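Text of my_file24.txt, listed as compact mmCIF, C-alpha atoms (C1' of nucleotides):
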# COMPACT_ATOMS: atom_id res chain seq x y z
CA MET A 1 100.56 67.37 104.34
CA THR A 2 99.73 67.24 100.65
CA GLN A 3 102.37 67.94 98.05
CA ASN A 4 102.25 71.11 96.07
CA THR A 5 102.16 70.93 92.30
CA ARG A 6 103.02 73.41 89.60
CA ALA A 7 99.30 74.04 89.11
CA ASP A 8 98.95 74.87 92.82
CA VAL A 9 101.70 77.45 92.57
CA ILE A 10 100.10 79.08 89.52
CA ALA A 11 96.70 79.12 91.20
CA ALA A 12 98.10 80.74 94.34
CA ALA A 13 99.96 83.26 92.20
CA GLY A 14 96.70 84.19 90.48
CA ARG A 15 95.10 84.66 93.88
CA LEU A 16 97.82 87.02 95.12
CA PHE A 17 98.29 88.84 91.82
CA ALA A 18 94.56 89.54 91.76
CA THR A 19 94.44 91.00 95.26
CA HIS A 20 97.83 92.70 95.64
CA GLY A 21 99.02 93.02 92.07
CA TYR A 22 102.14 91.53 90.48
CA HIS A 23 104.54 94.08 91.96
CA GLY A 24 102.77 93.87 95.31
CA THR A 25 103.38 90.13 95.55
CA SER A 26 106.77 88.74 96.58
CA MET A 27 107.96 85.22 96.01
CA ARG A 28 108.37 84.76 99.75
CA THR A 29 104.76 85.80 100.32
CA LEU A 30 103.66 83.44 97.59
CA GLY A 31 105.63 80.67 99.21
CA ARG A 32 103.98 81.31 102.57
CA GLU A 33 100.59 81.05 100.86
CA LEU A 34 101.47 77.44 100.04
CA GLY A 35 103.27 76.62 103.28
CA LEU A 36 106.60 76.91 101.55
CA VAL A 37 109.70 79.03 101.73
CA GLY A 38 110.19 81.36 98.76
CA SER A 39 113.05 79.54 97.12
CA SER A 40 111.12 76.26 97.07
CA LEU A 41 108.83 77.67 94.40
CA TYR A 42 111.67 77.29 91.91
CA SER A 43 111.24 73.54 92.04
CA HIS A 44 108.01 74.15 90.11
CA ILE A 45 108.56 77.25 88.01
CA GLY A 46 111.35 79.13 86.28
CA SER A 47 110.66 82.70 87.25
CA LYS A 48 108.11 85.06 88.75
CA GLU A 49 107.25 86.47 85.36
CA GLU A 50 106.55 82.99 84.06
CA LEU A 51 103.83 82.78 86.70
CA LEU A 52 102.15 85.92 85.42
CA VAL A 53 102.38 84.73 81.83
CA GLU A 54 100.77 81.44 82.81
CA VAL A 55 97.91 83.04 84.76
CA VAL A 56 97.22 85.45 81.92
CA ARG A 57 97.32 82.60 79.43
CA GLN A 58 94.70 80.76 81.48
CA GLY A 59 92.59 83.89 81.61
CA ALA A 60 92.71 84.31 77.86
CA ALA A 61 91.78 80.65 77.42
CA LEU A 62 88.75 81.01 79.69
CA PHE A 63 87.34 83.95 77.76
CA GLU A 64 88.08 82.32 74.44
CA ALA A 65 86.32 79.11 75.47
CA SER A 66 83.34 81.14 76.61
CA VAL A 67 82.98 83.04 73.37
CA ASP A 68 83.39 79.88 71.31
CA LYS A 69 80.63 78.14 73.22
CA ALA A 70 78.28 81.10 72.97
CA ARG A 71 78.70 81.50 69.24
CA ALA A 72 78.53 77.78 68.49
CA ALA A 73 75.06 77.65 70.00
CA GLY A 74 73.72 79.85 67.19
CA GLY A 75 70.35 81.59 67.37
CA THR A 76 69.32 85.19 66.97
CA GLY A 77 71.64 88.07 67.77
CA ARG A 78 69.82 88.63 71.00
CA GLU A 79 70.08 84.99 72.01
CA GLN A 80 73.80 84.87 71.25
CA LEU A 81 74.35 88.13 73.09
CA ARG A 82 72.69 86.63 76.11
CA GLU A 83 75.01 83.65 75.95
CA LEU A 84 78.02 85.94 75.64
CA VAL A 85 76.94 87.96 78.66
CA ARG A 86 76.15 84.91 80.73
CA GLY A 87 79.42 83.25 79.74
CA HIS A 88 81.40 86.35 80.67
CA LEU A 89 79.71 86.50 84.05
CA ASP A 90 80.53 82.86 84.69
CA VAL A 91 84.18 83.44 83.83
CA VAL A 92 84.70 86.52 86.00
CA LEU A 93 82.74 85.11 88.94
CA ASP A 94 83.87 81.48 88.89
CA ASN A 95 87.49 82.36 88.14
CA ALA A 96 87.72 85.72 89.86
CA ASP A 97 91.46 85.55 90.52
CA ILE A 98 92.53 84.48 87.06
CA SER A 99 90.23 86.89 85.27
CA ALA A 100 91.14 89.83 87.51
CA THR A 101 94.82 89.18 86.86
CA TYR A 102 94.12 88.85 83.14
CA LEU A 103 92.20 92.12 83.08
CA ASN A 104 94.33 94.21 85.45
CA GLU A 105 97.89 92.94 85.42
CA ALA A 106 98.50 92.35 81.73
CA SER A 107 100.15 95.77 81.54
CA VAL A 108 103.10 94.38 83.48
CA LEU A 109 103.90 91.84 80.75
CA ASP A 110 106.67 92.33 78.24
CA ALA A 111 105.72 93.93 74.93
CA ASP A 112 105.15 90.65 73.08
CA HIS A 113 102.82 89.06 75.60
CA ARG A 114 101.05 92.37 76.15
CA ARG A 115 100.33 92.62 72.45
CA GLN A 116 99.01 89.06 72.44
CA VAL A 117 96.58 89.97 75.21
CA LEU A 118 95.51 93.12 73.39
CA ASP A 119 94.84 91.14 70.21
CA GLU A 120 92.92 88.49 72.10
CA ARG A 121 90.80 91.11 73.82
CA ASN A 122 90.10 92.77 70.52
CA ARG A 123 88.95 89.51 68.96
CA TYR A 124 86.76 88.94 72.01
CA GLU A 125 85.22 92.39 71.79
CA GLY A 126 84.76 91.75 68.06
CA ALA A 127 82.47 88.83 68.87
CA PHE A 128 80.26 91.17 70.87
CA ARG A 129 80.24 93.66 67.98
CA GLU A 130 79.28 90.95 65.51
CA VAL A 131 76.48 89.60 67.65
CA LEU A 132 75.12 93.09 68.23
CA ALA A 133 75.19 93.77 64.49
CA LEU A 134 73.52 90.43 63.87
CA GLY A 135 70.80 91.34 66.32
CA ALA A 136 70.24 94.65 64.55
CA ALA A 137 69.99 92.80 61.24
CA ASP A 138 67.64 90.03 62.35
CA GLY A 139 65.42 92.38 64.34
CA SER A 140 66.06 90.84 67.75
CA LEU A 141 67.93 93.92 68.97
CA PRO A 142 67.38 97.64 68.35
CA VAL A 143 69.01 99.16 65.28
CA GLY A 144 69.78 102.65 66.51
CA THR A 145 72.95 102.05 68.46
CA ASP A 146 76.51 101.68 67.24
CA PRO A 147 77.71 98.08 67.84
CA LYS A 148 81.25 99.28 68.51
CA LEU A 149 80.20 101.59 71.32
CA THR A 150 77.61 99.21 72.70
CA ALA A 151 80.14 96.39 72.90
CA ILE A 152 82.42 98.65 74.93
CA PHE A 153 79.56 99.57 77.25
CA VAL A 154 78.54 95.98 77.85
CA LEU A 155 82.09 94.84 78.50
CA SER A 156 82.68 97.77 80.85
CA ILE A 157 79.69 96.68 82.89
CA LEU A 158 80.68 93.01 82.81
CA ASN A 159 84.29 93.53 83.83
CA ALA A 160 83.24 95.64 86.81
CA VAL A 161 80.80 93.04 88.13
CA PRO A 162 83.28 91.24 90.44
CA ARG A 163 83.87 94.55 92.21
CA TRP A 164 80.35 94.64 93.64
CA PHE A 165 78.48 91.39 92.96
CA ARG A 166 78.11 89.06 95.92
CA PRO A 167 76.50 85.64 95.44
CA GLY A 168 73.51 85.08 97.66
CA GLY A 169 72.33 88.66 97.30
CA ARG A 170 68.97 89.77 95.98
CA LEU A 171 70.22 89.48 92.43
CA ASP A 172 71.51 86.21 91.00
CA ARG A 173 73.51 85.70 87.84
CA GLU A 174 70.52 84.87 85.72
CA ALA A 175 68.69 88.02 86.75
CA LEU A 176 71.82 90.10 86.28
CA THR A 177 72.21 88.70 82.78
CA ASP A 178 68.62 89.73 82.06
CA GLU A 179 69.20 93.24 83.36
CA ILE A 180 72.27 93.75 81.19
CA VAL A 181 70.61 92.46 78.03
CA ARG A 182 67.46 94.47 78.75
CA LEU A 183 69.58 97.61 78.99
CA LEU A 184 70.11 97.37 75.23
CA GLU A 185 66.47 97.28 74.26
CA MET B 1 116.10 124.82 84.63
CA THR B 2 113.02 125.48 86.74
CA GLN B 3 112.80 124.43 90.37
CA ASN B 4 110.58 121.57 91.38
CA THR B 5 107.85 122.12 93.94
CA ARG B 6 105.94 119.77 96.20
CA ALA B 7 103.02 120.00 93.80
CA ASP B 8 105.27 118.93 90.93
CA VAL B 9 106.36 115.84 92.86
CA ILE B 10 102.76 114.89 93.64
CA ALA B 11 101.71 115.40 90.03
CA ALA B 12 104.57 113.25 88.75
CA ALA B 13 103.73 110.60 91.33
CA GLY B 14 100.14 110.55 90.08
CA ARG B 15 101.42 110.08 86.56
CA LEU B 16 103.62 107.11 87.45
CA PHE B 17 101.18 105.54 89.90
CA ALA B 18 98.54 105.65 87.18
CA THR B 19 100.68 103.93 84.57
CA HIS B 20 102.84 101.54 86.61
CA GLY B 21 100.99 101.31 89.91
CA TYR B 22 102.21 102.26 93.38
CA HIS B 23 104.34 99.15 93.86
CA GLY B 24 105.62 99.41 90.31
CA THR B 25 106.98 102.90 90.91
CA SER B 26 110.26 103.42 92.77
CA MET B 27 111.38 106.66 94.35
CA ARG B 28 114.42 106.70 92.09
CA THR B 29 112.22 106.37 89.01
CA LEU B 30 110.01 109.14 90.30
CA GLY B 31 113.08 111.29 90.84
CA ARG B 32 114.26 110.68 87.28
CA GLU B 33 110.84 111.78 86.03
CA LEU B 34 111.60 115.20 87.55
CA GLY B 35 115.30 115.33 86.69
CA LEU B 36 116.18 114.50 90.27
CA VAL B 37 117.91 111.79 92.21
CA GLY B 38 115.62 109.71 94.42
CA SER B 39 116.70 111.08 97.75
CA SER B 40 116.06 114.68 96.65
CA LEU B 41 112.34 114.01 96.73
CA TYR B 42 112.49 114.03 100.52
CA SER B 43 113.07 117.78 100.43
CA HIS B 44 109.42 118.00 99.38
CA ILE B 45 107.64 115.06 100.96
CA GLY B 46 107.83 112.82 104.00
CA SER B 47 107.33 109.38 102.51
CA LYS B 48 106.25 107.49 99.43
CA GLU B 49 102.94 106.61 101.01
CA GLU B 50 102.27 110.27 101.71
CA LEU B 51 102.41 110.79 97.95
CA LEU B 52 99.71 108.19 97.33
CA VAL B 53 97.53 109.64 100.07
CA GLU B 54 97.86 113.07 98.52
CA VAL B 55 97.05 111.93 94.97
CA VAL B 56 94.05 109.97 96.20
CA ARG B 57 92.89 112.97 98.22
CA GLN B 58 93.02 115.12 95.10
CA GLY B 59 91.07 112.48 93.20
CA ALA B 60 88.34 112.39 95.82
CA ALA B 61 88.16 116.20 95.77
CA LEU B 62 87.73 116.24 92.00
CA PHE B 63 84.80 113.85 92.04
CA GLU B 64 83.22 115.58 95.00
CA ALA B 65 83.46 118.98 93.30
CA SER B 66 81.92 117.50 90.18
CA VAL B 67 78.95 115.99 91.97
CA ASP B 68 78.35 119.19 93.96
CA LYS B 69 78.29 121.27 90.82
CA ALA B 70 75.95 118.90 89.02
CA ARG B 71 73.43 118.74 91.84
CA ALA B 72 73.54 122.48 92.55
CA ALA B 73 72.37 123.17 89.02
CA GLY B 74 69.01 121.56 89.78
CA GLY B 75 66.56 120.55 87.06
CA THR B 76 64.85 117.27 86.27
CA GLY B 77 66.36 113.93 87.14
CA ARG B 78 67.38 113.44 83.56
CA GLU B 79 69.03 116.85 83.38
CA GLN B 80 70.95 116.28 86.60
CA LEU B 81 71.99 112.82 85.46
CA ARG B 82 73.36 114.36 82.31
CA GLU B 83 75.40 116.81 84.38
CA LEU B 84 76.69 113.98 86.57
CA VAL B 85 77.76 111.96 83.55
CA ARG B 86 79.36 114.92 81.83
CA GLY B 87 81.15 115.94 85.02
CA HIS B 88 82.48 112.44 85.53
CA LEU B 89 83.78 112.34 81.98
CA ASP B 90 85.54 115.66 82.47
CA VAL B 91 87.20 114.43 85.64
CA VAL B 92 88.49 111.14 84.27
CA LEU B 93 89.60 112.65 80.95
CA ASP B 94 91.07 115.95 82.13
CA ASN B 95 92.74 114.41 85.17
CA ALA B 96 93.44 110.94 83.87
CA ASP B 97 96.41 110.28 86.14
CA ILE B 98 94.85 111.43 89.38
CA SER B 99 91.54 109.71 88.74
CA ALA B 100 93.15 106.46 87.59
CA THR B 101 95.23 106.38 90.75
CA TYR B 102 92.17 107.18 92.83
CA LEU B 103 90.19 104.40 91.19
CA ASN B 104 92.86 101.70 90.93
CA GLU B 105 95.46 102.22 93.64
CA ALA B 106 93.32 103.01 96.67
CA SER B 107 93.57 99.35 97.69
CA VAL B 108 97.20 99.93 98.62
CA LEU B 109 96.29 102.51 101.28
CA ASP B 110 96.20 101.69 104.99
CA ALA B 111 92.85 100.63 106.41
CA ASP B 112 91.81 104.11 107.55
CA HIS B 113 92.43 105.89 104.28
CA ARG B 114 90.98 102.97 102.34
CA ARG B 115 87.78 103.21 104.31
CA GLN B 116 87.61 106.95 103.69
CA VAL B 117 87.82 106.32 99.95
CA LEU B 118 85.16 103.62 100.15
CA ASP B 119 82.83 105.97 102.01
CA GLU B 120 83.46 108.78 99.55
CA ARG B 121 82.76 106.49 96.60
CA ASN B 122 79.56 105.31 98.22
CA ARG B 123 78.35 108.88 98.72
CA TYR B 124 79.25 109.61 95.12
CA GLU B 125 77.35 106.58 93.85
CA GLY B 126 74.47 107.64 96.10
CA ALA B 127 74.15 110.87 94.16
CA PHE B 128 73.66 108.84 90.98
CA ARG B 129 71.05 106.69 92.72
CA GLU B 130 69.17 109.74 93.95
CA VAL B 131 69.15 111.44 90.59
CA LEU B 132 67.96 108.26 88.90
CA ALA B 133 65.15 107.92 91.45
CA LEU B 134 64.28 111.58 90.95
CA GLY B 135 64.09 111.02 87.22
CA ALA B 136 61.76 108.07 87.72
CA ALA B 137 59.56 110.22 89.99
CA ASP B 138 59.38 113.29 87.76
CA GLY B 139 58.89 111.27 84.59
CA SER B 140 62.09 112.36 82.88
CA LEU B 141 63.58 108.86 83.10
CA PRO B 142 62.02 105.39 82.81
CA VAL B 143 60.56 103.84 85.95
CA GLY B 144 61.25 100.17 85.36
CA THR B 145 64.89 99.96 86.35
CA ASP B 146 66.43 99.70 89.81
CA PRO B 147 68.37 102.90 90.59
CA LYS B 148 70.96 100.95 92.58
CA LEU B 149 71.82 98.66 89.70
CA THR B 150 71.59 101.38 87.09
CA ALA B 151 73.98 103.60 89.05
CA ILE B 152 76.49 100.76 89.10
CA PHE B 153 76.09 100.22 85.37
CA VAL B 154 76.59 103.89 84.53
CA LEU B 155 79.63 104.21 86.77
CA SER B 156 81.12 101.03 85.33
CA ILE B 157 80.84 102.53 81.86
CA LEU B 158 82.19 105.90 82.96
CA ASN B 159 85.20 104.56 84.84
CA ALA B 160 86.25 102.47 81.86
CA VAL B 161 86.12 105.38 79.41
CA PRO B 162 89.79 106.41 79.79
CA ARG B 163 90.79 102.92 78.71
CA TRP B 164 89.48 103.42 75.17
CA PHE B 165 88.42 107.04 74.57
CA ARG B 166 90.80 109.11 72.49
CA PRO B 167 90.09 112.83 71.96
CA GLY B 168 89.85 113.78 68.32
CA GLY B 169 88.09 110.56 67.41
CA ARG B 170 84.70 110.28 65.76
CA LEU B 171 83.00 110.63 69.12
CA ASP B 172 83.48 113.69 71.30
CA ARG B 173 82.61 114.04 74.99
CA GLU B 174 79.27 115.65 74.34
CA ALA B 175 78.16 112.87 72.01
CA LEU B 176 79.46 110.24 74.43
CA THR B 177 77.47 111.83 77.23
CA ASP B 178 74.38 111.64 75.03
CA GLU B 179 74.99 107.98 74.25
CA ILE B 180 75.33 107.04 77.89
CA VAL B 181 72.22 108.92 78.97
CA ARG B 182 70.25 107.56 76.03
CA LEU B 183 71.18 104.04 77.13
CA LEU B 184 68.86 104.50 80.10
CA GLU B 185 65.77 105.43 78.13
C1' DG C 1 117.86 54.04 93.81
C1' DG C 2 116.55 57.62 91.11
C1' DT C 3 113.29 61.34 91.04
C1' DT C 4 111.03 65.04 93.11
C1' DG C 5 109.85 68.63 96.41
C1' DA C 6 111.45 71.33 99.94
C1' DC C 7 114.94 73.49 102.67
C1' DG C 8 118.25 77.23 104.19
C1' DA C 9 122.11 79.84 103.14
C1' DA C 10 123.71 83.01 100.15
C1' DC C 11 124.01 86.20 96.04
C1' DG C 12 123.77 90.85 93.88
C1' DA C 13 120.50 94.22 92.95
C1' DA C 14 116.98 97.28 94.18
C1' DC C 15 114.12 99.17 97.64
C1' DG C 16 112.65 103.40 100.87
C1' DT C 17 114.88 106.45 103.61
C1' DT C 18 118.50 109.32 106.42
C1' DC C 19 122.12 112.37 106.65
C1' DG C 20 125.65 115.80 106.00
C1' DT C 21 126.83 118.80 102.57
C1' DT C 22 126.61 121.95 98.58
C1' DC C 23 124.50 125.12 95.64
C1' DT C 24 121.06 128.63 94.48
C1' DT C 25 117.79 131.89 95.47
C1' DT C 26 115.56 135.11 98.59
C1' DA C 27 115.30 138.66 102.39
C1' DC C 28 116.91 142.35 104.76
C1' DG C 29 119.77 145.40 107.78
C1' DA C 30 123.73 148.36 107.31
C1' DT D 1 123.27 149.19 96.95
C1' DC D 2 125.75 146.04 98.86
C1' DG D 3 126.84 142.05 101.94
C1' DT D 4 125.32 138.48 104.29
C1' DA D 5 122.51 135.30 106.50
C1' DA D 6 118.49 132.37 106.22
C1' DA D 7 115.91 129.11 103.51
C1' DG D 8 115.01 125.92 99.96
C1' DA D 9 116.32 122.44 96.68
C1' DA D 10 119.34 118.97 95.21
C1' DC D 11 123.19 115.90 95.72
C1' DG D 12 125.68 111.49 96.77
C1' DA D 13 126.96 108.24 100.04
C1' DA D 14 125.29 105.12 103.06
C1' DC D 15 121.81 102.58 106.05
C1' DG D 16 119.09 98.38 106.79
C1' DT D 17 115.82 95.67 104.47
C1' DT D 18 113.65 93.16 100.91
C1' DC D 19 113.72 91.58 96.32
C1' DG D 20 114.18 87.57 92.73
C1' DT D 21 117.01 83.93 92.16
C1' DT D 22 120.85 80.13 92.57
C1' DC D 23 122.80 76.35 94.71
C1' DG D 24 124.01 72.32 97.43
C1' DT D 25 121.77 69.22 100.43
C1' DC D 26 118.39 66.19 102.28
C1' DA D 27 114.21 63.47 103.10
C1' DA D 28 110.31 61.04 101.13
C1' DC D 29 108.32 58.21 97.84
C1' DC D 30 107.63 55.21 93.45

Take the structure in this file and express it as structure tokens.
Amino acid sequence: MTQNTRADVIAAAGRLFATHGYHGTSMRTLGRELGLVGSSLYSHIGSKEELLVEVVRQGAALFEASVDKARAAGGTGREQLRELVRGHLDVVLDNADISATYLNEASVLDADHRRQVLDERNRYEGAFREVLALGAADGSLPVGTDPKLTAIFVLSILNAVPRWFRPGGRLDREALTDEIVRLLE
Amino acid sequence: MTQNTRADVIAAAGRLFATHGYHGTSMRTLGRELGLVGSSLYSHIGSKEELLVEVVRQGAALFEASVDKARAAGGTGREQLRELVRGHLDVVLDNADISATYLNEASVLDADHRRQVLDERNRYEGAFREVLALGAADGSLPVGTDPKLTAIFVLSILNAVPRWFRPGGRLDREALTDEIVRLLE
DNA sequence: GGTTGACGAACGAACGTTCGTTCTTTACGA
DNA sequence: TCGTAAAGAACGAACGTTCGTTCGTCAACC
């Protein structure tokens, strides 16, 4: 009979928000997930919305850490793009609940937090644009395509991966990364 | 002061389900959308869930009609792929509410209806796989890529289009179709 | 012995839905 | 052409339930 911590509650919330959505998750259901009664959750958190804000904050942090790592490594545009793609895959597959909530449930947030998420996503997408432009400039990626549109395409593919990818299948992460980068040749 | 019909209620439901989700939409809110009080909706429909089933059914019909039309036209693999892509764009842009609900809210359905949607989506994706394989066979599309994976990539891009595409921008549907098909060269 | 986590009762509000009734439009026989 | 009945659409009150949340209490542990 281990004790539940605030982090446990947030993690469980991410799990349920990801599968049933924010509005589809009740505090009593969330309590049951942790072996608690609904009202007991308020020993750890202030409100249901605070839970969503926290999960989304963690999601944003994961993507930001990934992009920072990829860009710090340096290299050609193509090499950095590969790191961005691989990092994104790691985030959405290793933290499926948090990232799904970050990507799908941010629309429920109040205007301020929603704007924060939108800005963060735009900066993130900007990194993809920059790396694609860099690759066009240094010759490691084709020149013909618009970085803006290509960034959208790549992120569309990446964000949909958790919907179909199953570890242990014919394709592993490394090969999937290759396939996505090769698509841009 | 026009009268509301069953079709009006379903259309409004699609609109709200698409923007706020099924669980985020109350019958009273839906009523207000039509200038009605919540209970009045039950003159037109049997239950809230019936509304979701109906919207999803319409979504499935739209995609099925699109794929039928594209394949009936015949032509090379590349030509049919272009028709599939263009048809998909038309569906998700001209019926944004219905298609968004079909794509995002089907998980709320009971097991039977959910399975129906899954099967329908699989058939739909199968058409993309077939056309890609046809294109590889007739030489109109490159041979190197796996049709299964490529179909997933293309559909990932297509389904995300309503999230960023705005009519009247630099890129119109025709040009976007070209860009997506060109990605596979 | 104070702190912390959990409980269970209770709150007001909102939920989906039912019901009897009213109002408006349509259909049709006299 | 009129009068009237049937039908359709909307109302508002009320239902049982669930929602998020508050509060006082209690047991376990440092």

(request) For chain D, report every residue with an atom at most 12 Å from chain B (counting all atoms listed in the file), formatted as number ranges by chain. (result) D: 8-14

How would the residues just chosen look if you wrote them out with C-alpha atoms (C1' of nucleotides) as an mmCIF file, keeping the file's coordinate frame?
data_model
loop_
_atom_site.group_PDB
_atom_site.id
_atom_site.type_symbol
_atom_site.label_atom_id
_atom_site.label_comp_id
_atom_site.auth_asym_id
_atom_site.auth_seq_id
_atom_site.Cartn_x
_atom_site.Cartn_y
_atom_site.Cartn_z
ATOM 1 C "C1'" DG D 8 115.010 125.920 99.960
ATOM 2 C "C1'" DA D 9 116.320 122.440 96.680
ATOM 3 C "C1'" DA D 10 119.340 118.970 95.210
ATOM 4 C "C1'" DC D 11 123.190 115.900 95.720
ATOM 5 C "C1'" DG D 12 125.680 111.490 96.770
ATOM 6 C "C1'" DA D 13 126.960 108.240 100.040
ATOM 7 C "C1'" DA D 14 125.290 105.120 103.060
#

Within 10 Å of chain A, which residues of chain C show up? Give each one with its shortest atom-to-atom distance in Å (one decimal) and the two atoms involved, counting only C-alpha atoms (C1' of nucleotides), rows by chain then rising residue number, as a Markdown table.
| residue | atom | partner | partner_atom | distance |
| --- | --- | --- | --- | --- |
| C:DT4 | C1' | A:Ser43 | CA | 8.6 |
| C:DG5 | C1' | A:Ser43 | CA | 6.7 |
| C:DA6 | C1' | A:Ser40 | CA | 5.7 |
| C:DC7 | C1' | A:Ser40 | CA | 7.3 |
| C:DG8 | C1' | A:Ser39 | CA | 9.1 |

Would you export the selected residues with C-alpha atoms (C1' of nucleotides) as a short mmCIF file (atom, residue, chain, number, x, y, z; two decimals), keeping the file's coordinate frame, please?
data_model
loop_
_atom_site.label_atom_id
_atom_site.label_comp_id
_atom_site.auth_asym_id
_atom_site.auth_seq_id
_atom_site.Cartn_x
_atom_site.Cartn_y
_atom_site.Cartn_z
"C1'" DT C 4 111.03 65.04 93.11
"C1'" DG C 5 109.85 68.63 96.41
"C1'" DA C 6 111.45 71.33 99.94
"C1'" DC C 7 114.94 73.49 102.67
"C1'" DG C 8 118.25 77.23 104.19
#

(request) Tell me which protein, DNA and RNA residues are within 12 Å of DT26 in chain C, counting all atoms listed in the file, leaving out same-chain ones fewer than 6 positions away, and put them as a list in words. (result) DT4, DA5, DA6, DA7 and DG8 of chain D

Take the residues that were just selected and, keeping C-alpha atoms (C1' of nucleotides), output them as a compact mmCIF listing (two decimals), keeping the file's coordinate frame.
# COMPACT_ATOMS: atom_id res chain seq x y z
C1' DT D 4 125.32 138.48 104.29
C1' DA D 5 122.51 135.30 106.50
C1' DA D 6 118.49 132.37 106.22
C1' DA D 7 115.91 129.11 103.51
C1' DG D 8 115.01 125.92 99.96

(message) At a cut-off of 12 Å, using only C-alpha atoms (C1' of nucleotides), what residues contact DC30 in chain D? Leave out same-chain residues fewer than 4 positions from it and give the result as a PyMOL selection string.
(response) chain C and resi 1-4

Grab the residues selected above and save them as a CSV table (one decimal), in the coordinates of the input with C-alpha atoms (C1' of nucleotides).
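Result went into result-v4.csv, see below:
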chain,number,residue,atom,x,y,z
C,1,DG,C1',117.9,54.0,93.8
C,2,DG,C1',116.6,57.6,91.1
C,3,DT,C1',113.3,61.3,91.0
C,4,DT,C1',111.0,65.0,93.1

(request) Between CA of Ser99 in chain B and CA of Ala160 in chain B, measure the distance and give it in Å to one decimal. (result)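 Computing it gives 11.3 Å between the two atoms.
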
Please report, as JSON lines, each residue of chain A lying at most 9 Å from chain B, together with the nearest pair of atoms and the separation in Å rounded to one decimal; use all atoms listed in the file, and order rows by chain and ascending residue number.
{"residue": "A:Thr19", "atom": "CA", "partner": "B:Ser107", "partner_atom": "CA", "distance": 8.7}
{"residue": "A:His20", "atom": "CA", "partner": "B:Val108", "partner_atom": "CA", "distance": 7.8}
{"residue": "A:Gly21", "atom": "CA", "partner": "B:His23", "partner_atom": "CA", "distance": 8.3}
{"residue": "A:Tyr22", "atom": "CA", "partner": "B:Gly24", "partner_atom": "CA", "distance": 8.6}
{"residue": "A:His23", "atom": "CA", "partner": "B:His23", "partner_atom": "CA", "distance": 5.4}
{"residue": "A:Gly24", "atom": "CA", "partner": "B:His23", "partner_atom": "CA", "distance": 5.7}
{"residue": "A:Ser107", "atom": "CA", "partner": "B:His20", "partner_atom": "CA", "distance": 8.1}
{"residue": "A:Val108", "atom": "CA", "partner": "B:His20", "partner_atom": "CA", "distance": 7.8}
{"residue": "A:Thr145", "atom": "CA", "partner": "B:Glu179", "partner_atom": "CA", "distance": 8.5}
{"residue": "A:Leu149", "atom": "CA", "partner": "B:Glu179", "partner_atom": "CA", "distance": 8.7}
{"residue": "A:Ile152", "atom": "CA", "partner": "B:Ile157", "partner_atom": "CA", "distance": 8.1}
{"residue": "A:Phe153", "atom": "CA", "partner": "B:Ile157", "partner_atom": "CA", "distance": 5.6}
{"residue": "A:Val154", "atom": "CA", "partner": "B:Ile157", "partner_atom": "CA", "distance": 8.0}
{"residue": "A:Leu155", "atom": "CA", "partner": "B:Ile157", "partner_atom": "CA", "distance": 8.5}
{"residue": "A:Ser156", "atom": "CA", "partner": "B:Ile157", "partner_atom": "CA", "distance": 5.2}
{"residue": "A:Ile157", "atom": "CA", "partner": "B:Ser156", "partner_atom": "CA", "distance": 5.2}
{"residue": "A:Leu158", "atom": "CA", "partner": "B:Ser156", "partner_atom": "CA", "distance": 8.4}
{"residue": "A:Asn159", "atom": "CA", "partner": "B:Ser156", "partner_atom": "CA", "distance": 8.3}
{"residue": "A:Ala160", "atom": "CA", "partner": "B:Ser156", "partner_atom": "CA", "distance": 6.0}
{"residue": "A:Val161", "atom": "CA", "partner": "B:Ser156", "partner_atom": "CA", "distance": 8.5}
{"residue": "A:Trp164", "atom": "CA", "partner": "B:Ile152", "partner_atom": "CA", "distance": 8.5}
{"residue": "A:Glu179", "atom": "CA", "partner": "B:Thr145", "partner_atom": "CA", "distance": 8.5}
{"residue": "A:Ile180", "atom": "CA", "partner": "B:Phe153", "partner_atom": "CA", "distance": 8.6}
{"residue": "A:Leu183", "atom": "CA", "partner": "B:Leu183", "partner_atom": "CA", "distance": 6.9}
{"residue": "A:Leu184", "atom": "CA", "partner": "B:Leu183", "partner_atom": "CA", "distance": 7.0}
{"residue": "A:Glu185", "atom": "CA", "partner": "B:Leu183", "partner_atom": "CA", "distance": 8.7}
